[in-house]
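**Student:** My structure is below; once you've seen it, I'll send some questions.
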Number of protein chains: 2
Amino acid sequence: MPAGARLADSSCMPSLQVSPASDGRPSWPVPQPDLPTPAAKTPCSGGHLWDLCLGGIDVLRLDGLVFARRRVKEGQALFHEGSAFHSLYAVHSGTFKSTVTLRDGREQVSGFHMSGEVMGLDGLAQGTHASSATALEDAEICAIPYAQLTELAARKPLLQNAVCRLMSREIVKEHGLMMLLGRMNAEERVAAFLLNVSQRMKARGYSASEFHLRMSRAEIGSYLGLTLETVSRTFSAFQNQRLLRIDRKHVRILDLQALQGAFDARVQ
Amino acid sequence: MPAGARLADSSCMPSLQVSPASDGRPSWPVPQPDLPTPAAKTPCSGGHLWDLCLGGIDVLRLDGLVFARRRVKEGQALFHEGSAFHSLYAVHSGTFKSTVTLRDGREQVSGFHMSGEVMGLDGLAQGTHASSATALEDAEICAIPYAQLTELAARKPLLQNAVCRLMSREIVKEHGLMMLLGRMNAEERVAAFLLNVSQRMKARGYSASEFHLRMSRAEIGSYLGLTLETVSRTFSAFQNQRLLRIDRKHVRILDLQALQGAFDARVQ
DNA sequence: CGATTCCTTGAGGCATCTCAAGGCAAGTGG
DNA sequence: CCACTTGCCTTGAGATGCCTCAAGGAATCG
């Protein structure tokens, strides 16, 4: 079953997306964010984060709102599946994974989140978080109480709109992942993952061709619907094809075009 | 890779969802909808539909807003991937599928939508629809212009909140589907699909144990990440196990408990 | 230094896909 | 009414891609 999904970069989307057009370029602008290292150690004043994810709409800064900043240590959970939903969380620095726990105790990774991305959107539906968020490295987040956000949004329609767009993006993002899980083989999945990380690094001012993975092979596999062994083998295969160099978690993409091509490999 | 995902019923969710609790019961109420056959042939006055999907919040009816009703014939597209986003669409009667088209022209089904469910939420993000919606049988929908909705929401915070919850549910729903696509084997996927349809039929006042599938084996397969042959074989297997009877598109579930068990089969 | 965690690699098994043939129901045109 | 087409489904046989199980290596940490 051939696949024609194509990676699309986007500001907030940790995942893939299928492009209706043949060139696969996204139709909305990719904002140029501030550098990921926070200048201020004071609580979040909103602007920086939301500039990233709400398409540059400067709604929060207008009100001079200040949200609680919080440090989260590597391995520590920011919130747990099933716990009461009170806030959205914007990643200020560091990387997170979202997981859902299966009944047998196994966990499935449903997403990775980098600076500027918002977590917790799935908690609105039921008032409890539908997934857990865990820091993959020491991180800082801004907690945005949903009650405050709602109240503020009532006075700022633009903000409300931005939040809706944010959620819509999340939906589109997950569509892309479904595509990946439903139609792609292992090489396509891993290539898609690497290219996605690459673009998100680039969007944050880092190198697109050389970066550190914060997640383990097992976490990547869980996210992609593969075993850790298959992820490892696929990395090795790409290395043998001279598409990239990989040393533990350090990745250097040598041939981005060819890696892109790994997508289309099966689209005859 | 065992799977512990569990089917959860919900008003608007055409898909699956993983429950944090061990009993797998959803923690939010399932609204009792009006009967699916519309009483009025006049344009949609909102209430009926939104009662279903917005958790009974009677926000639209308050304003006496009237949205355009539209018929869509079987096989006809309501909107196309890539076309400009103007409205959300609430299914009044009939069944729809959402699809994304891969670059090689093949289509992937990303969801099925029954009466009371809202389509088009993925269009907000970019201002263009990220998927196409096609009627699987003659259908009626209510078009809800997004501009109007936004305007109205500015005056009715409850509505805004309801829309956000709606989108959040969509996100949760897709999480569940990701789980299915990433972790479940063919039997589990097909069982999950059937149980989900069953519950949605029940929620609409139809029999939970006997119903007509509106979609083809190929569409089911596309949705579940399987080939149509595997779907067919799995139906046959379930029939041999006396879990159900299936004749073309007519399904009669004989042993709902055991079908539920097909989920947990691999969770030893 | 041992213990631990994470990763790599190999060998074999199996679930699903692929390819292929045929059946059934509904529609169409003579 | 029948012959034919068409769409959809079922079933079989073989191929294969990924998983499972297993062993061992390399970095990290106490």
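By convention in this document, the chains of the structure tokens carry letters A, B, ... by their order, each chain's residues are numbered from 1, and ligands are numbered from 1 in the order they are shown.
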Tell me the residues of chain D close to chain A, meaning within 12 Å using only C-alpha atoms (C1' of nucleotides), as number ranges by chain.

**Tutor:** D: 17-21, 26-27

**Student:** Please produce, as CSV, a per-residue contact table for chain C versus chain A (criterion: any atom at most 9 Å away, only C-alpha atoms (C1' of nucleotides) considered), showing the nearest atom pair and its distance in Å to one decimal, sorted by chain then residue number.

**Tutor:**
```
residue,atom,partner,partner_atom,distance
C:DC6,C1',A:Ser216,CA,7.8
C:DC7,C1',A:Arg248,CA,7.5
C:DT8,C1',A:Ser232,CA,7.1
C:DT9,C1',A:Arg233,CA,8.2
C:DC17,C1',A:Met1,CA,8.2
```

**Student:** As a ChimeraX atom specification, which residues of range 169-248 of chain A does DSSP assign to helix (DSSP H, G or I)?

**Tutor:** /A:169-183,186-203,217-224,228-240

**Student:** For Gln257 in chain A, please output as a ChimeraX atom specification all residues within 12 Å (counting only C-alpha atoms (C1' of nucleotides); exclusion window: fewer than 4 positions along the same chain).

**Tutor:** /A:191,195,209,242-244,253,261-264

**Student:** Restrict the selected residues to N, CA and C atoms and save them as a PDB file, in the first residue's frame.

**Tutor:**
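Writing done, so here's result23.pdb:
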```pdb
ATOM      1  N   ALA A 191      11.832   8.098   8.506  1.00  0.00           N
ATOM      2  CA  ALA A 191      12.236   9.264   7.721  1.00  0.00           C
ATOM      3  C   ALA A 191      11.330  10.446   8.037  1.00  0.00           C
ATOM      4  N   LEU A 195      12.662  13.987   9.605  1.00  0.00           N
ATOM      5  CA  LEU A 195      12.458  15.227   8.867  1.00  0.00           C
ATOM      6  C   LEU A 195      11.608  16.201   9.667  1.00  0.00           C
ATOM      7  N   SER A 209      20.156  20.091  10.103  1.00  0.00           N
ATOM      8  CA  SER A 209      20.825  18.878   9.650  1.00  0.00           C
ATOM      9  C   SER A 209      21.559  18.159  10.768  1.00  0.00           C
ATOM     10  N   ARG A 242      24.047   6.095   3.504  1.00  0.00           N
ATOM     11  CA  ARG A 242      24.694   7.409   3.567  1.00  0.00           C
ATOM     12  C   ARG A 242      23.686   8.559   3.604  1.00  0.00           C
ATOM     13  N   LEU A 243      22.518   8.301   4.128  1.00  0.00           N
ATOM     14  CA  LEU A 243      21.535   9.374   4.240  1.00  0.00           C
ATOM     15  C   LEU A 243      21.793  10.202   5.487  1.00  0.00           C
ATOM     16  N   LEU A 244      22.383   9.545   6.483  1.00  0.00           N
ATOM     17  CA  LEU A 244      22.654  10.261   7.723  1.00  0.00           C
ATOM     18  C   LEU A 244      23.730   9.532   8.511  1.00  0.00           C
ATOM     19  N   ILE A 253      22.044  14.707   9.468  1.00  0.00           N
ATOM     20  CA  ILE A 253      21.419  14.344   8.199  1.00  0.00           C
ATOM     21  C   ILE A 253      22.348  14.743   7.067  1.00  0.00           C
ATOM     22  N   GLY A 261      12.994  11.540  -0.083  1.00  0.00           N
ATOM     23  CA  GLY A 261      12.630  10.527  -1.066  1.00  0.00           C
ATOM     24  C   GLY A 261      12.186   9.220  -0.443  1.00  0.00           C
ATOM     25  N   ALA A 262      12.654   8.954   0.765  1.00  0.00           N
ATOM     26  CA  ALA A 262      12.254   7.719   1.438  1.00  0.00           C
ATOM     27  C   ALA A 262      10.753   7.682   1.657  1.00  0.00           C
ATOM     28  N   PHE A 263      10.172   8.858   1.737  1.00  0.00           N
ATOM     29  CA  PHE A 263       8.728   8.972   1.771  1.00  0.00           C
ATOM     30  C   PHE A 263       8.091   8.373   0.538  1.00  0.00           C
ATOM     31  N   ASP A 264       8.623   8.844  -0.569  1.00  0.00           N
ATOM     32  CA  ASP A 264       7.961   8.593  -1.832  1.00  0.00           C
ATOM     33  C   ASP A 264       8.374   7.258  -2.403  1.00  0.00           C
TER      34      ASP A 264
END
```

**Student:** One decimal, in Å: what's the spacing between CA of Glu140 in chain A and CA of Arg169 in chain B?

**Tutor:**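 That distance, rounded to one decimal, is 27.1 Å.
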
**Student:** Got a sec: who's within 7 Å of Ala130 in chain A, counting only C-alpha atoms (C1' of nucleotides), leaving out chain neighbours fewer than 6 positions off, as a list in words?

**Tutor:**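 What passes the distance filter is Glu81, Gly82, Asp122 and Gly123 of chain A; Val172 of chain B.
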
**Student:** Can I get the selection written as an mmCIF file, in the first residue's frame, with C-alpha atoms?

**Tutor:**
```cif
data_model
loop_
_atom_site.group_PDB
_atom_site.id
_atom_site.type_symbol
_atom_site.label_atom_id
_atom_site.label_comp_id
_atom_site.auth_asym_id
_atom_site.auth_seq_id
_atom_site.Cartn_x
_atom_site.Cartn_y
_atom_site.Cartn_z
ATOM 1 C CA GLU A 81 -3.624 11.136 32.490
ATOM 2 C CA GLY A 82 -6.874 11.263 34.389
ATOM 3 C CA ASP A 122 -6.992 17.170 25.082
ATOM 4 C CA GLY A 123 -8.059 17.868 28.645
ATOM 5 C CA VAL B 172 -8.994 12.830 22.144
#
```

**Student:** Just how far from CA of Met114 in chain A is CA of Ser207 in chain A, in Å to one decimal?

**Tutor:**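 If I compute the distance from CA of Ser207 in chain A to CA of Met114 in chain A, I get 14.8 Å.
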
**Student:** Report as a list in words all protein, DNA and RNA residues lying within 9 Å of Cys164 in chain A, evaluated on only C-alpha atoms (C1' of nucleotides), omitting residues in the same chain fewer than 2 positions from it.

**Tutor:**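 Result of the neighbour search: Leu159, Gln160, Asn161, Ala162, Leu166, Met167, Ser168 and Arg169 of chain A; Leu124, Ala125, Val163, Cys164 and Met167 of chain B.
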
**Student:** With only C-alpha atoms as the basis for distance, which of A:Val190, A:Val251, A:Leu213, A:Ile171 is at the shortest distance from Gly120 in chain B?

**Tutor:**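 When distances to Gly120 in chain B are compared using only C-alpha atoms, the smallest one comes from A:Ile171.
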
**Student:** Quick one: pull the distance between CA of Phe235 in chain A and CA of Glu137 in chain A, Å, one decimal.

**Tutor:** 22.4 Å

**Student:** Write out as CSV a residue-level contact list of chain C versus range 3-10 of chain D with cut-off 12 Å: for each qualifying residue the closest pair of atoms and the distance in Å to one decimal, counting only C-alpha atoms (C1' of nucleotides), rows sorted by chain and residue number upward.

**Tutor:**
```
residue,atom,partner,partner_atom,distance
C:DA21,C1',D:DT10,C1',10.6
C:DG22,C1',D:DT10,C1',8.8
C:DG23,C1',D:DT10,C1',7.8
C:DC24,C1',D:DC9,C1',8.2
C:DA25,C1',D:DC8,C1',9.0
C:DA26,C1',D:DG7,C1',8.9
C:DG27,C1',D:DT6,C1',8.1
C:DT28,C1',D:DT5,C1',7.8
C:DG29,C1',D:DC4,C1',8.7
C:DG30,C1',D:DA3,C1',8.6
```

**Student:** Keeping only C-alpha atoms (C1' of nucleotides), write the selected residues as an mmCIF file, in the first residue's frame.

**Tutor:**
```cif
data_model
loop_
_atom_site.group_PDB
_atom_site.id
_atom_site.type_symbol
_atom_site.label_atom_id
_atom_site.label_comp_id
_atom_site.auth_asym_id
_atom_site.auth_seq_id
_atom_site.Cartn_x
_atom_site.Cartn_y
_atom_site.Cartn_z
ATOM 1 C "C1'" DA C 21 -9.607 -16.298 -8.988
ATOM 2 C "C1'" DG C 22 -14.257 -16.629 -8.431
ATOM 3 C "C1'" DG C 23 -19.093 -15.625 -6.434
ATOM 4 C "C1'" DC C 24 -23.032 -12.785 -5.746
ATOM 5 C "C1'" DA C 25 -26.168 -8.906 -6.387
ATOM 6 C "C1'" DA C 26 -27.650 -5.062 -8.919
ATOM 7 C "C1'" DG C 27 -27.819 -2.613 -13.002
ATOM 8 C "C1'" DT C 28 -27.985 -2.208 -18.231
ATOM 9 C "C1'" DG C 29 -29.042 -2.982 -22.815
ATOM 10 C "C1'" DG C 30 -30.722 -5.956 -26.267
#
```

**Student:** Write out as a PyMOL selection string each polymer residue whose atoms come within 8 Å of Ala84 in chain B, counting only C-alpha atoms (C1' of nucleotides); drop sequence neighbours fewer than 6 positions from it.

**Tutor:** chain B and resi 127-129

**Student:** Restricting the output to N, CA and C atoms, write the selected residues as a CSV table (one decimal), in the first residue's frame.

**Tutor:**
```
chain,number,residue,atom,x,y,z
B,127,GLY,N,-7.3,27.6,7.3
B,127,GLY,CA,-8.3,28.3,6.5
B,127,GLY,C,-8.7,27.5,5.3
B,128,THR,N,-8.1,26.4,5.1
B,128,THR,CA,-8.6,25.5,4.1
B,128,THR,C,-8.9,24.1,4.7
B,129,HIS,N,-9.8,23.4,4.1
B,129,HIS,CA,-10.1,22.1,4.7
B,129,HIS,C,-8.9,21.1,4.5
```

**Student:** Measuring atom to atom with only C-alpha atoms, identify which of B:Glu117, B:Asp138, B:Glu170, B:Glu74 is nearest to chain A.

**Tutor:**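 Of B:Glu117, B:Asp138, B:Glu170, B:Glu74, the one nearest chain A is B:Glu170, counting only C-alpha atoms.
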